[in-house]
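Content type PDB, C-alpha atoms, from the file data25.pdb:
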ATOM      1  CA  ASN A   9       0.000   0.000   0.000
ATOM      2  CA  ALA A  10       1.296   3.413  -0.955
ATOM      3  CA  GLY A  11      -0.985   5.257   1.484
ATOM      4  CA  VAL A  12      -1.482   8.875   0.423
ATOM      5  CA  THR A  13       0.406  10.003  -2.673
ATOM      6  CA  GLN A  14       0.727  13.626  -3.738
ATOM      7  CA  THR A  15       1.910  14.901  -7.104
ATOM      8  CA  PRO A  16       3.876  16.937  -7.925
ATOM      9  CA  LYS A  17       6.391  17.202  -5.079
ATOM     10  CA  PHE A  18       7.609  20.652  -6.108
ATOM     11  CA  ARG A  19       6.296  23.368  -8.382
ATOM     12  CA  VAL A  20       7.157  26.969  -9.193
ATOM     13  CA  LEU A  21       4.424  29.158 -10.663
ATOM     14  CA  LYS A  22       4.269  32.716 -11.819
ATOM     15  CA  THR A  23       1.569  34.995 -10.478
ATOM     16  CA  GLY A  24      -1.663  34.414 -12.365
ATOM     17  CA  GLN A  25      -0.840  30.903 -13.568
ATOM     18  CA  SER A  26      -3.049  27.969 -12.706
ATOM     19  CA  MET A  27      -2.307  24.443 -11.593
ATOM     20  CA  THR A  28      -3.846  21.346 -10.051
ATOM     21  CA  LEU A  29      -2.414  19.321  -7.193
ATOM     22  CA  LEU A  30      -3.360  15.663  -7.213
ATOM     23  CA  CYS A  31      -3.895  13.491  -4.154
ATOM     24  CA  ALA A  32      -4.524   9.759  -4.343
ATOM     25  CA  GLN A  33      -5.160   7.306  -1.498
ATOM     26  CA  ASP A  34      -5.404   3.530  -1.655
ATOM     27  CA  MET A  35      -6.858   2.897   1.813
ATOM     28  CA  ASN A  36     -10.515   3.194   0.787
ATOM     29  CA  HIS A  37     -10.929   6.188   3.116
ATOM     30  CA  GLU A  38     -14.155   8.150   2.933
ATOM     31  CA  TYR A  39     -12.772  11.486   4.135
ATOM     32  CA  MET A  40     -10.080  13.519   2.400
ATOM     33  CA  TYR A  41      -8.555  16.882   3.268
ATOM     34  CA  TRP A  42      -6.248  19.544   1.929
ATOM     35  CA  TYR A  43      -4.087  21.489   4.395
ATOM     36  CA  ARG A  44      -1.462  24.144   3.957
ATOM     37  CA  GLN A  45       1.527  24.623   6.234
ATOM     38  CA  ASP A  46       3.212  27.986   6.539
ATOM     39  CA  PRO A  47       6.148  28.906   8.797
ATOM     40  CA  GLY A  48       4.925  29.617  12.311
ATOM     41  CA  MET A  49       1.299  28.866  11.367
ATOM     42  CA  GLY A  50       0.830  25.153  11.878
ATOM     43  CA  LEU A  51      -1.506  23.284   9.535
ATOM     44  CA  ARG A  52      -4.632  25.001   8.268
ATOM     45  CA  LEU A  53      -7.542  23.273   6.554
ATOM     46  CA  ILE A  54      -8.322  24.527   3.043
ATOM     47  CA  HIS A  55     -11.094  22.191   1.849
ATOM     48  CA  TYR A  56     -12.294  18.731   2.711
ATOM     49  CA  SER A  57     -14.538  15.989   1.378
ATOM     50  CA  VAL A  58     -16.694  13.487   3.271
ATOM     51  CA  GLY A  59     -17.269  11.274   0.263
ATOM     52  CA  GLU A  60     -17.166  10.906  -3.496
ATOM     53  CA  GLY A  61     -18.843  13.852  -5.199
ATOM     54  CA  THR A  62     -18.873  16.054  -2.079
ATOM     55  CA  THR A  63     -16.630  18.953  -1.063
ATOM     56  CA  ALA A  64     -16.771  21.644   1.613
ATOM     57  CA  LYS A  65     -14.808  24.679   2.736
ATOM     58  CA  GLY A  66     -12.330  24.639   5.576
ATOM     59  CA  GLU A  67     -10.640  27.533   7.370
ATOM     60  CA  VAL A  68      -8.780  29.119   4.438
ATOM     61  CA  PRO A  69     -10.638  28.230   1.204
ATOM     62  CA  ASP A  70     -10.259  31.480  -0.746
ATOM     63  CA  GLY A  71      -8.329  31.155  -3.994
ATOM     64  CA  TYR A  72      -8.704  27.368  -4.156
ATOM     65  CA  ASN A  73     -11.154  24.921  -5.672
ATOM     66  CA  VAL A  74     -11.412  21.174  -5.177
ATOM     67  CA  SER A  75     -13.046  18.173  -6.770
ATOM     68  CA  ARG A  76     -13.650  14.587  -5.655
ATOM     69  CA  LEU A  77     -14.909  12.750  -8.705
ATOM     70  CA  LYS A  78     -13.538   9.415  -7.521
ATOM     71  CA  LYS A  79     -13.330   8.174  -3.957
ATOM     72  CA  GLN A  80      -9.573   7.666  -4.114
ATOM     73  CA  ASN A  81      -8.693  11.068  -5.608
ATOM     74  CA  PHE A  82      -8.936  14.616  -4.283
ATOM     75  CA  LEU A  83      -7.779  17.462  -6.513
ATOM     76  CA  LEU A  84      -6.823  20.963  -5.356
ATOM     77  CA  GLY A  85      -6.880  23.703  -7.978
ATOM     78  CA  LEU A  86      -5.414  27.177  -8.027
ATOM     79  CA  GLU A  87      -7.067  29.163 -10.817
ATOM     80  CA  SER A  88      -4.884  32.274 -10.558
ATOM     81  CA  ALA A  89      -1.892  31.785  -8.303
ATOM     82  CA  ALA A  90      -0.768  34.551  -5.947
ATOM     83  CA  PRO A  91       2.465  34.882  -3.929
ATOM     84  CA  SER A  92       0.389  34.456  -0.744
ATOM     85  CA  GLN A  93      -0.262  30.881  -1.880
ATOM     86  CA  THR A  94       3.408  30.006  -1.578
ATOM     87  CA  SER A  95       3.261  27.171   0.930
ATOM     88  CA  VAL A  96       3.614  23.463   1.529
ATOM     89  CA  TYR A  97       0.371  21.646   0.767
ATOM     90  CA  PHE A  98      -0.559  18.413   2.478
ATOM     91  CA  CYS A  99      -3.311  16.042   1.540
ATOM     92  CA  ALA A 100      -4.728  13.700   4.163
ATOM     93  CA  SER A 101      -7.366  11.001   4.377
ATOM     94  CA  SER A 102      -9.227   9.134   7.088
ATOM     95  CA  TYR A 103     -12.035   6.717   7.689
ATOM     96  CA  ARG A 104     -15.438   8.191   8.390
ATOM     97  CA  GLN A 105     -15.412  10.236  11.578
ATOM     98  CA  GLY A 106     -18.151   9.738  14.104
ATOM     99  CA  SER A 107     -19.149  11.228  17.424
ATOM    100  CA  SER A 108     -17.841   8.147  19.198
ATOM    101  CA  TYR A 109     -15.181   7.087  16.753
ATOM    102  CA  ASN A 110     -12.117   9.079  15.815
ATOM    103  CA  SER A 111      -9.898   7.996  12.960
ATOM    104  CA  PRO A 112      -6.429   9.543  12.721
ATOM    105  CA  LEU A 113      -5.546  11.378   9.553
ATOM    106  CA  HIS A 114      -2.994   9.846   7.210
ATOM    107  CA  PHE A 115      -0.931  12.478   5.405
ATOM    108  CA  GLY A 116       0.932  12.545   2.118
ATOM    109  CA  ASN A 117       4.473  13.893   1.913
ATOM    110  CA  GLY A 118       3.446  17.309   0.675
ATOM    111  CA  THR A 119       3.793  19.561  -2.357
ATOM    112  CA  ARG A 120       6.066  22.554  -2.029
ATOM    113  CA  LEU A 121       4.637  25.383  -4.128
ATOM    114  CA  THR A 122       6.381  28.670  -4.817
ATOM    115  CA  VAL A 123       4.550  31.508  -6.553
ATOM    116  CA  THR A 124       6.786  34.291  -7.860
TER     117      THR A 124
ATOM    118  CA  ASP B  27      -7.427  33.847  17.866
ATOM    119  CA  GLN B  28      -5.396  30.731  18.495
ATOM    120  CA  GLN B  29      -7.479  27.873  19.826
ATOM    121  CA  VAL B  30      -4.463  25.610  20.249
ATOM    122  CA  LYS B  31      -1.163  26.909  21.542
ATOM    123  CA  GLN B  32       2.219  25.261  21.630
ATOM    124  CA  ASN B  33       4.188  27.953  23.381
ATOM    125  CA  SER B  34       7.622  26.420  22.942
ATOM    126  CA  PRO B  35       8.802  26.632  19.322
ATOM    127  CA  SER B  36      11.745  24.395  20.138
ATOM    128  CA  LEU B  37      13.077  22.027  22.782
ATOM    129  CA  SER B  38      16.484  20.391  23.125
ATOM    130  CA  VAL B  39      17.156  17.352  25.347
ATOM    131  CA  GLN B  40      19.895  14.810  25.868
ATOM    132  CA  GLU B  41      19.508  11.249  24.656
ATOM    133  CA  GLY B  42      18.071   9.054  27.378
ATOM    134  CA  ARG B  43      16.361  11.895  29.236
ATOM    135  CA  ILE B  44      12.684  12.796  29.254
ATOM    136  CA  SER B  45      11.183  15.116  26.639
ATOM    137  CA  ILE B  46       8.032  16.986  27.651
ATOM    138  CA  LEU B  47       6.058  18.816  25.004
ATOM    139  CA  ASN B  48       3.143  20.997  26.032
ATOM    140  CA  CYS B  49      -0.085  22.150  24.435
ATOM    141  CA  ASP B  50      -2.862  24.431  25.693
ATOM    142  CA  TYR B  51      -6.344  24.834  24.234
ATOM    143  CA  THR B  52      -9.087  27.346  24.812
ATOM    144  CA  ASN B  53     -12.360  25.619  23.966
ATOM    145  CA  SER B  54     -13.795  23.227  26.549
ATOM    146  CA  MET B  55     -15.872  21.583  23.791
ATOM    147  CA  PHE B  56     -12.758  19.878  22.427
ATOM    148  CA  ASP B  57     -12.947  16.239  23.434
ATOM    149  CA  TYR B  58     -10.334  14.413  21.420
ATOM    150  CA  PHE B  59      -6.646  15.200  21.365
ATOM    151  CA  LEU B  60      -3.842  13.946  19.165
ATOM    152  CA  TRP B  61      -0.119  14.301  18.675
ATOM    153  CA  TYR B  62       1.503  14.133  15.256
ATOM    154  CA  LYS B  63       5.198  13.921  14.472
ATOM    155  CA  LYS B  64       6.747  15.391  11.354
ATOM    156  CA  TYR B  65      10.170  14.824   9.838
ATOM    157  CA  PRO B  66      11.546  17.261   7.223
ATOM    158  CA  ALA B  67      10.208  16.694   3.707
ATOM    159  CA  GLU B  68       7.607  14.229   4.973
ATOM    160  CA  GLY B  69       3.980  14.495   5.979
ATOM    161  CA  PRO B  70       2.888  14.427   9.617
ATOM    162  CA  THR B  71       2.366  10.947  11.063
ATOM    163  CA  PHE B  72      -0.030  10.083  13.834
ATOM    164  CA  LEU B  73       1.688   9.335  17.130
ATOM    165  CA  ILE B  74      -0.784   9.025  19.981
ATOM    166  CA  SER B  75      -4.214  10.273  21.010
ATOM    167  CA  ILE B  76      -6.427  10.625  24.056
ATOM    168  CA  SER B  77     -10.126  11.045  24.590
ATOM    169  CA  SER B  78     -11.495  13.520  27.121
ATOM    170  CA  ILE B  79     -12.826  10.659  29.248
ATOM    171  CA  LYS B  80      -9.249   9.720  30.128
ATOM    172  CA  ASP B  81      -6.389  11.614  31.709
ATOM    173  CA  LYS B  82      -3.536   9.439  30.509
ATOM    174  CA  ASN B  83      -2.736   7.231  27.545
ATOM    175  CA  GLU B  84       0.491   5.334  27.126
ATOM    176  CA  ASP B  85       2.077   3.689  24.093
ATOM    177  CA  GLY B  86       5.599   2.422  24.602
ATOM    178  CA  ARG B  87       7.918   5.353  25.233
ATOM    179  CA  PHE B  88       5.143   7.879  24.560
ATOM    180  CA  THR B  89       2.582   9.030  27.114
ATOM    181  CA  VAL B  90      -0.001  11.741  26.695
ATOM    182  CA  PHE B  91      -1.494  13.446  29.750
ATOM    183  CA  LEU B  92      -4.692  15.467  29.693
ATOM    184  CA  ASN B  93      -5.679  18.023  32.325
ATOM    185  CA  LYS B  94      -9.191  19.115  31.352
ATOM    186  CA  SER B  95      -9.606  21.683  34.116
ATOM    187  CA  ALA B  96      -6.442  23.447  32.960
ATOM    188  CA  LYS B  97      -7.176  22.776  29.262
ATOM    189  CA  HIS B  98      -3.684  21.428  28.952
ATOM    190  CA  LEU B  99      -2.123  18.346  27.465
ATOM    191  CA  SER B 100       1.417  17.152  27.350
ATOM    192  CA  LEU B 101       3.435  14.507  25.559
ATOM    193  CA  HIS B 102       6.174  12.704  27.451
ATOM    194  CA  ILE B 103       8.864  10.744  25.643
ATOM    195  CA  VAL B 104      10.966   8.486  27.853
ATOM    196  CA  PRO B 105      13.733   7.744  27.131
ATOM    197  CA  SER B 106      14.331  10.222  24.321
ATOM    198  CA  GLN B 107      16.251   8.972  21.296
ATOM    199  CA  PRO B 108      17.976  10.886  18.466
ATOM    200  CA  GLY B 109      15.401   9.468  16.039
ATOM    201  CA  ASP B 110      12.713  11.348  17.976
ATOM    202  CA  SER B 111      14.107  14.620  16.646
ATOM    203  CA  ALA B 112      11.206  16.087  14.669
ATOM    204  CA  VAL B 113       8.451  18.699  14.808
ATOM    205  CA  TYR B 114       5.571  17.670  17.047
ATOM    206  CA  PHE B 115       2.088  19.021  16.426
ATOM    207  CA  CYS B 116      -0.723  18.952  18.914
ATOM    208  CA  ALA B 117      -4.202  18.663  17.351
ATOM    209  CA  VAL B 118      -7.666  18.870  18.900
ATOM    210  CA  LYS B 119     -11.197  18.067  17.821
ATOM    211  CA  ASN B 120     -14.805  18.505  18.887
ATOM    212  CA  SER B 121     -16.296  15.118  18.040
ATOM    213  CA  GLY B 122     -19.841  16.295  18.586
ATOM    214  CA  GLY B 123     -19.605  19.322  16.348
ATOM    215  CA  SER B 124     -17.963  19.515  12.953
ATOM    216  CA  ASN B 125     -16.190  16.271  13.631
ATOM    217  CA  TYR B 126     -14.185  16.315  10.441
ATOM    218  CA  LYS B 127     -12.041  19.190  11.597
ATOM    219  CA  LEU B 128      -8.736  18.960  13.424
ATOM    220  CA  THR B 129      -7.274  22.196  14.754
ATOM    221  CA  PHE B 130      -3.485  22.111  14.895
ATOM    222  CA  GLY B 131      -0.986  23.958  17.012
ATOM    223  CA  LYS B 132       2.033  25.600  15.425
ATOM    224  CA  GLY B 133       4.383  22.789  16.400
ATOM    225  CA  THR B 134       7.430  22.293  18.602
ATOM    226  CA  LEU B 135      10.785  21.298  17.139
ATOM    227  CA  LEU B 136      12.354  18.638  19.352
ATOM    228  CA  THR B 137      16.078  18.005  19.061
ATOM    229  CA  VAL B 138      17.509  15.002  20.899
ATOM    230  CA  ASN B 139      21.266  15.245  21.221
ATOM    231  CA  PRO B 140      23.379  12.050  21.318
TER     232      PRO B 140
END
As structure tokens, the full file:
Amino acid sequence: NAGVTQTPKFRVLKTGQSMTLLCAQDMNHEYMYWYRQDPGMGLRLIHYSVGEGTTAKGEVPDGYNVSRLKKQNFLLGLESAAPSQTSVYFCASSYRQGSSYNSPLHFGNGTRLTVT
Amino acid sequence: DQQVKQNSPSLSVQEGRISILNCDYTNSMFDYFLWYKKYPAEGPTFLISISSIKDKNEDGRFTVFLNKSAKHLSLHIVPSQPGDSAVYFCAVKNSGGSNYKLTFGKGTLLTVNP
């Protein structure tokens, strides 16, 4: 099992360019998440999905769009990149969360994005 | 407004000694608490968790303590090993609310010196 795989690992964009980050998981997890990590800021939730065909906003969704057309894939899109989106992006997945059941998140190794 | 605070950005300990990492939270509705460990160029990995119905959970060299009245949790690593050198994130959740969401602290960089 590969777990959670993110592509690409690195990318440099110019302001205004667009790109899509791909996340794939092979654990049959229902929930998937996109986080960003900035120096001194911890991990912040951008968008998440509780199942195929569903998406929802997290803490910092502006400037990003997501899609979950297949259960194993969660795509993060930047339509018009800005320098403020320079960050390390982590995808994560988990089993369904419940009020009495908590499943830890499994993270990918991240995508380091620089917007100049 | 930080809901989860890890007030020590870094901590350095000698191999074999105890490492104590601390985390404070503000919302008494949080009822599930986790620690993640992160090496450079890798994603965070789950380490240990504790539910609010307990005050201690132990897994090998790692123990998490929860003090609900003080809204404080800590991670103890005994004995510390050089391979424990990493960034440690505290994360909290309200299982009864938007139970998808983990709120993370900013992390503490632990360095274990041989």
Under the PyMOL selection byres ((chain A and resi 79) around 7), which residues of this model are included? Write them out as a VMD selection string. chain A and resid 38 59 to 60 76 to 78 80 to 81
Return the single residue from B:Tyr51, B:Ser45, B:Glu84, B:His102 that is closest to Asn33 of chain B, with distances computed using only C-alpha atoms. B:Tyr51
For chain B, report every residue with an atom at most 12 Å from chain A (counting all atoms listed in the file), formatted as a PyMOL selection string. chain B and resi 27-36+56-79+113-135
Matched chain/residue IDs from the PyMOL selection byres ((chain B and resi 42) around 7), as a ChimeraX atom specification: /B:40-41,43-44,105-107
Grab the residues selected above and save them as a short mmCIF file (atom, residue, chain, number, x, y, z; two decimals), keeping the file's coordinate frame with C-alpha atoms.
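Below is the file that was written, part_0.cif:
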data_model
loop_
_atom_site.label_atom_id
_atom_site.label_comp_id
_atom_site.auth_asym_id
_atom_site.auth_seq_id
_atom_site.Cartn_x
_atom_site.Cartn_y
_atom_site.Cartn_z
CA GLN B 40 19.90 14.81 25.87
CA GLU B 41 19.51 11.25 24.66
CA ARG B 43 16.36 11.90 29.24
CA ILE B 44 12.68 12.80 29.25
CA PRO B 105 13.73 7.74 27.13
CA SER B 106 14.33 10.22 24.32
CA GLN B 107 16.25 8.97 21.30
#
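Our summary of the geometry notes that atom CA of Ser75 of chain A is positioned 16.9 Å from atom CA of Arg44 of chain A.
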Counting all atoms listed in the file, closest pick from B:Ser111, B:Asn139, B:Asn83, B:Ser38 relative to Leu99 of chain B is B:Asn83
What's around Asp70 of chain A at 10 Å? Count only C-alpha atoms, leave out sequence neighbours fewer than 6 positions away in its own chain, and write the answer as a PyMOL selection string. chain A and resi 54-55+86
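Separating atom CA of Gly24 of chain A from atom CA of Thr63 of chain A is a distance of 24.3 Å.
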Starting from the sparse input, extend segment 56-67 of chain B to all heavy atoms and give the output as an mmCIF file, in the frame of the given file.
data_model
loop_
_atom_site.group_PDB
_atom_site.id
_atom_site.type_symbol
_atom_site.label_atom_id
_atom_site.label_comp_id
_atom_site.auth_asym_id
_atom_site.auth_seq_id
_atom_site.Cartn_x
_atom_site.Cartn_y
_atom_site.Cartn_z
ATOM 1 N N PHE B 56 -13.675 20.849 23.030
ATOM 2 C CA PHE B 56 -12.758 19.878 22.427
ATOM 3 C C PHE B 56 -12.740 18.622 23.292
ATOM 4 O O PHE B 56 -12.617 18.707 24.519
ATOM 5 C CB PHE B 56 -11.350 20.447 22.299
ATOM 6 C CG PHE B 56 -11.228 21.560 21.299
ATOM 7 C CD1 PHE B 56 -10.528 22.706 21.605
ATOM 8 C CD2 PHE B 56 -11.807 21.454 20.038
ATOM 9 C CE1 PHE B 56 -10.396 23.742 20.696
ATOM 10 C CE2 PHE B 56 -11.688 22.484 19.113
ATOM 11 C CZ PHE B 56 -10.977 23.636 19.454
ATOM 12 N N ASP B 57 -12.871 17.461 22.648
ATOM 13 C CA ASP B 57 -12.947 16.239 23.434
ATOM 14 C C ASP B 57 -12.054 15.126 22.912
ATOM 15 O O ASP B 57 -12.117 13.992 23.403
ATOM 16 C CB ASP B 57 -14.395 15.746 23.499
ATOM 17 C CG ASP B 57 -14.968 15.436 22.129
ATOM 18 O OD1 ASP B 57 -14.265 15.661 21.117
ATOM 19 O OD2 ASP B 57 -16.111 14.976 22.058
ATOM 20 N N TYR B 58 -11.237 15.431 21.930
ATOM 21 C CA TYR B 58 -10.334 14.413 21.420
ATOM 22 C C TYR B 58 -9.037 15.107 21.042
ATOM 23 O O TYR B 58 -9.063 16.159 20.386
ATOM 24 C CB TYR B 58 -10.952 13.711 20.209
ATOM 25 C CG TYR B 58 -10.251 12.437 19.827
ATOM 26 C CD1 TYR B 58 -10.253 11.344 20.697
ATOM 27 C CD2 TYR B 58 -9.611 12.296 18.603
ATOM 28 C CE1 TYR B 58 -9.624 10.162 20.358
ATOM 29 C CE2 TYR B 58 -8.980 11.121 18.256
ATOM 30 C CZ TYR B 58 -8.991 10.052 19.140
ATOM 31 O OH TYR B 58 -8.376 8.896 18.801
ATOM 32 N N PHE B 59 -7.924 14.512 21.454
ATOM 33 C CA PHE B 59 -6.646 15.200 21.365
ATOM 34 C C PHE B 59 -5.598 14.252 20.776
ATOM 35 O O PHE B 59 -5.532 13.078 21.151
ATOM 36 C CB PHE B 59 -6.206 15.668 22.760
ATOM 37 C CG PHE B 59 -7.278 16.445 23.469
ATOM 38 C CD1 PHE B 59 -8.225 15.806 24.245
ATOM 39 C CD2 PHE B 59 -7.342 17.825 23.330
ATOM 40 C CE1 PHE B 59 -9.238 16.516 24.879
ATOM 41 C CE2 PHE B 59 -8.355 18.551 23.962
ATOM 42 C CZ PHE B 59 -9.295 17.898 24.735
ATOM 43 N N LEU B 60 -4.804 14.789 19.871
ATOM 44 C CA LEU B 60 -3.842 13.946 19.165
ATOM 45 C C LEU B 60 -2.480 14.629 19.112
ATOM 46 O O LEU B 60 -2.370 15.854 19.181
ATOM 47 C CB LEU B 60 -4.298 13.686 17.717
ATOM 48 C CG LEU B 60 -5.689 13.127 17.486
ATOM 49 C CD1 LEU B 60 -6.707 14.239 17.305
ATOM 50 C CD2 LEU B 60 -5.701 12.241 16.245
ATOM 51 N N TRP B 61 -1.459 13.810 18.975
ATOM 52 C CA TRP B 61 -0.119 14.301 18.675
ATOM 53 C C TRP B 61 0.342 13.697 17.358
ATOM 54 O O TRP B 61 0.191 12.499 17.117
ATOM 55 C CB TRP B 61 0.869 13.926 19.778
ATOM 56 C CG TRP B 61 0.716 14.737 21.020
ATOM 57 C CD1 TRP B 61 -0.017 14.414 22.136
ATOM 58 C CD2 TRP B 61 1.305 16.023 21.298
ATOM 59 N NE1 TRP B 61 0.081 15.415 23.076
ATOM 60 C CE2 TRP B 61 0.896 16.401 22.587
ATOM 61 C CE3 TRP B 61 2.150 16.881 20.586
ATOM 62 C CZ2 TRP B 61 1.289 17.612 23.176
ATOM 63 C CZ3 TRP B 61 2.546 18.067 21.171
ATOM 64 C CH2 TRP B 61 2.112 18.417 22.452
ATOM 65 N N TYR B 62 0.906 14.560 16.508
ATOM 66 C CA TYR B 62 1.503 14.133 15.256
ATOM 67 C C TYR B 62 2.976 14.509 15.271
ATOM 68 O O TYR B 62 3.376 15.507 15.859
ATOM 69 C CB TYR B 62 0.825 14.827 14.067
ATOM 70 C CG TYR B 62 -0.497 14.227 13.670
ATOM 71 C CD1 TYR B 62 -1.664 14.540 14.364
ATOM 72 C CD2 TYR B 62 -0.584 13.338 12.608
ATOM 73 C CE1 TYR B 62 -2.871 13.984 14.004
ATOM 74 C CE2 TYR B 62 -1.796 12.784 12.242
ATOM 75 C CZ TYR B 62 -2.930 13.111 12.947
ATOM 76 O OH TYR B 62 -4.127 12.559 12.586
ATOM 77 N N LYS B 63 3.763 13.695 14.574
ATOM 78 C CA LYS B 63 5.198 13.921 14.472
ATOM 79 C C LYS B 63 5.524 14.145 13.003
ATOM 80 O O LYS B 63 4.963 13.482 12.132
ATOM 81 C CB LYS B 63 5.888 12.663 15.006
ATOM 82 C CG LYS B 63 7.358 12.569 14.862
ATOM 83 C CD LYS B 63 7.785 11.316 15.629
ATOM 84 C CE LYS B 63 9.004 10.705 15.086
ATOM 85 N NZ LYS B 63 9.426 9.529 15.866
ATOM 86 N N LYS B 64 6.431 15.095 12.749
ATOM 87 C CA LYS B 64 6.747 15.391 11.354
ATOM 88 C C LYS B 64 8.259 15.526 11.162
ATOM 89 O O LYS B 64 8.897 16.373 11.792
ATOM 90 C CB LYS B 64 6.049 16.687 10.916
ATOM 91 C CG LYS B 64 6.279 16.992 9.436
ATOM 92 C CD LYS B 64 5.670 18.309 9.054
ATOM 93 C CE LYS B 64 5.945 18.603 7.582
ATOM 94 N NZ LYS B 64 7.387 18.561 7.244
ATOM 95 N N TYR B 65 8.782 14.692 10.258
ATOM 96 C CA TYR B 65 10.170 14.824 9.838
ATOM 97 C C TYR B 65 10.235 15.758 8.634
ATOM 98 O O TYR B 65 9.261 15.898 7.895
ATOM 99 C CB TYR B 65 10.749 13.460 9.452
ATOM 100 C CG TYR B 65 10.906 12.490 10.596
ATOM 101 C CD1 TYR B 65 10.216 11.280 10.607
ATOM 102 C CD2 TYR B 65 11.763 12.758 11.662
ATOM 103 C CE1 TYR B 65 10.373 10.372 11.634
ATOM 104 C CE2 TYR B 65 11.915 11.858 12.705
ATOM 105 C CZ TYR B 65 11.211 10.669 12.697
ATOM 106 O OH TYR B 65 11.362 9.780 13.722
ATOM 107 N N PRO B 66 11.394 16.383 8.393
ATOM 108 C CA PRO B 66 11.546 17.261 7.223
ATOM 109 C C PRO B 66 11.219 16.523 5.929
ATOM 110 O O PRO B 66 11.565 15.355 5.766
ATOM 111 C CB PRO B 66 13.024 17.661 7.282
ATOM 112 C CG PRO B 66 13.411 17.508 8.702
ATOM 113 C CD PRO B 66 12.613 16.356 9.229
ATOM 114 N N ALA B 67 10.546 17.212 5.040
ATOM 115 C CA ALA B 67 10.208 16.694 3.707
ATOM 116 C C ALA B 67 9.259 15.490 3.754
ATOM 117 O O ALA B 67 9.154 14.756 2.761
ATOM 118 C CB ALA B 67 11.460 16.353 2.907
#
